[in-house]
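Asks: Structure in structure tokens, see below.
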Amino acid sequence: MDLVEDRDSWLGAACSISAALDVVGTRSSFLLLREASFGTTRFDDFVRRVGVSEPVAAARLKELVGAGVLERRPYREEGARTRYEYALTTKGRDLVLVLTAMREWGDTWAVGPERATIGVEHEGCGAAVHLRLRCAAGHDVEPDELHVVRGPGLGG
């Protein structure tokens with residue numbers, strides 16, 4: 001039997017998608033990560049740009065720091081108390097791929113290309129950046145060409 005057809009036998013195992021959603025699965029978490037990827041570091045800026053309350057921002061930022069996606073760094077302005085800013089960790093920077101995929105999907109299917117507010121370009125050459133599925137041998141892969149195989153957690 002095909003692994004996908006037999007998924008009832010392994011769905012209770014650790015699912016990477018489910019585990020990722022446990023970390024970043026709320027709207028506010030995703031938008032905080034969007035802002036961090038754009039260079040936002042200060043708490044007040046996160047609150048204003050994401051449009052959430054201070055308690056919600058504080059809770060989500062704490063969760064993202066706890067998950068190792070953001071780091072909390074102290075800073076102190078002249079004559080002020082020590083405060084903290086937030087920055088993406090290596091683990092968090094790896095989510096830029098996911099954020100880019102969400103933006104591309106949203107541009108195409110949620111708001112429409114004619115209403116897209118931003119695009120992303122390669123800083124080195126100015127060409128638009130687009131995500132593609134590609135196999136380890138370098139071939140572009142269409143979604144209907146994907147084949148699910150056992151991973152290490154299932155003895156693959």
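Ordering of the structure tokens sets the chain letters (A, B, ...), residue numbers begin anew at 1 in every chain, and ligands are numbered from 1 in the order given.
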Taking 2 positions as the minimum chain separation for residues in the same chain, which residues sit within 12 Å of Leu133 in chain A when counting only C-alpha atoms? Answer as a count of residues only.
Replies: 16
Asks: From the DSSP assignment of the backbone, select every residue of chain A that is strand (DSSP E or B), and format the answer as a ChimeraX atom specification.
Replies: /A:42,70-75,83-88,121,128,134,140
Asks: Distance CA of Arg134 in chain A-CA of Asp8 in chain A, one decimal place?
Replies: 28.1 Å
Asks: Using only C-alpha atoms, which of A:Val96, A:Ala116, A:Gly79, A:Val24 sits nearest Leu61 in chain A?
Replies: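 Looking only at the distances to Leu61 in chain A, the closest residue turns out to be A:Val24.
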Asks: Give the alpha helix (DSSP H) residues of chain A, as DSSP finds them on the backbone, and put them as a PyMOL selection string.
Replies: chain A and resi 16-24+27-37+43-50+54-66+90-93+96-105
Asks: Can you list, as a PyMOL selection string, every protein, DNA or RNA residue that comes within 7 Å of Leu3 in chain A when you count only C-alpha atoms, leaving out same-chain residues fewer than 3 positions away?
Replies: chain A and resi 6-7+148-149
Asks: Would you write out those residues with N, CA and C atoms, as a compact mmCIF listing (two decimals), in the first residue's frame?
Replies:
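File written: result34.txt
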```
# COMPACT_ATOMS: atom_id res chain seq x y z
N ASP A 6 -1.82 4.85 3.25
CA ASP A 6 -1.73 4.18 4.55
C ASP A 6 -1.44 5.18 5.68
N ARG A 7 -1.72 6.44 5.49
CA ARG A 7 -1.32 7.44 6.47
C ARG A 7 -2.01 7.30 7.82
N VAL A 148 5.61 10.95 -1.78
CA VAL A 148 5.88 10.87 -0.35
C VAL A 148 6.60 9.57 -0.04
N VAL A 149 7.71 9.67 0.68
CA VAL A 149 8.49 8.50 1.09
C VAL A 149 8.67 8.53 2.60
```
Asks: For a quick check of understanding, using only C-alpha atoms, which of A:Ala59, A:Val50, A:Ala14, A:Ala128 has the smallest distance to Leu31 in chain A?
Replies: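 Between A:Ala59, A:Val50, A:Ala14, A:Ala128, the residue approaching Leu31 in chain A most closely is A:Val50.
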Asks: Env of Arg150 in chain A: 12 Å cut, atoms = only C-alpha atoms, seq-sep filter 2 positions within chain, self excluded. Answer as a PyMOL selection string.
Replies: chain A and resi 2-4+6-7+10+13+147-148+152-156
Asks: Quick one: residues within 10 Å of range 103-105 of chain A, only C-alpha atoms counted, chain neighbours fewer than 4 positions away excluded, as a list of chain:residue names?
Replies: A:Arg34, A:Leu97, A:Val98, A:Leu99, A:Trp109, A:Ala110, A:Val111, A:Gly112, A:Pro113, A:Ala116, A:Thr117, A:Ile118, A:Gly119, A:Val120, A:Val129, A:His130, A:Leu131
Asks: Counting only C-alpha atoms, what are the residues of range 69-117 of chain A within 12 Å of range 25-29 of chain A, and for each of them which pair of atoms is the nearest and at what distance in Å, to one decimal? Sort the table by chain and rising number, as CSV.
Replies:
```
residue,atom,partner,partner_atom,distance
A:Val69,CA,A:Ser29,CA,10.6
A:Leu70,CA,A:Ser29,CA,11.0
A:Gly92,CA,A:Ser29,CA,11.7
A:Leu95,CA,A:Ser29,CA,11.7
A:Val98,CA,A:Gly25,CA,11.9
A:Leu99,CA,A:Ser29,CA,11.3
A:Met102,CA,A:Arg27,CA,11.8
```
Asks: Which residue gives the smallest distance to Tyr86 in chain A among A:Gly51, A:Gly68, A:Gly151, A:Gly126, with only C-alpha atoms counted?
Replies: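 Going through A:Gly51, A:Gly68, A:Gly151, A:Gly126 one by one, the smallest distance to Tyr86 in chain A is for A:Gly68.
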Asks: Residues near Arg73 in chain A, anyone? I mean within 8 Å using only C-alpha atoms, not counting same-chain ones fewer than 3 positions away, as a short mmCIF file (atom, residue, chain, number, x, y, z; two decimals) with C-alpha atoms, in the first residue's frame.
Replies:
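Final file, selection_4.cif:
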```cif
data_model
loop_
_atom_site.label_atom_id
_atom_site.label_comp_id
_atom_site.auth_asym_id
_atom_site.auth_seq_id
_atom_site.Cartn_x
_atom_site.Cartn_y
_atom_site.Cartn_z
CA TYR A 84 14.98 44.64 24.82
CA GLU A 85 14.84 44.28 21.09
CA TYR A 86 14.13 41.20 19.01
CA ALA A 87 15.97 39.71 16.06
#
```
Asks: So which residues touch Ser53 in chain A within 12 Å, counting only C-alpha atoms, skipping near sequence neighbours fewer than 6 positions away, as a list of chain:residue names?
Replies: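 Skipping anything fewer than 6 positions along the chain leaves A:Ser28, A:Phe43, A:Asp44, A:Asp45, A:Phe46, A:Val47, A:Ala59, A:Arg60.
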Asks: Quote the spacing between CA of Ala19 in chain A and CA of Glu5 in chain A in Å to one decimal place.
Replies: 21.8 Å
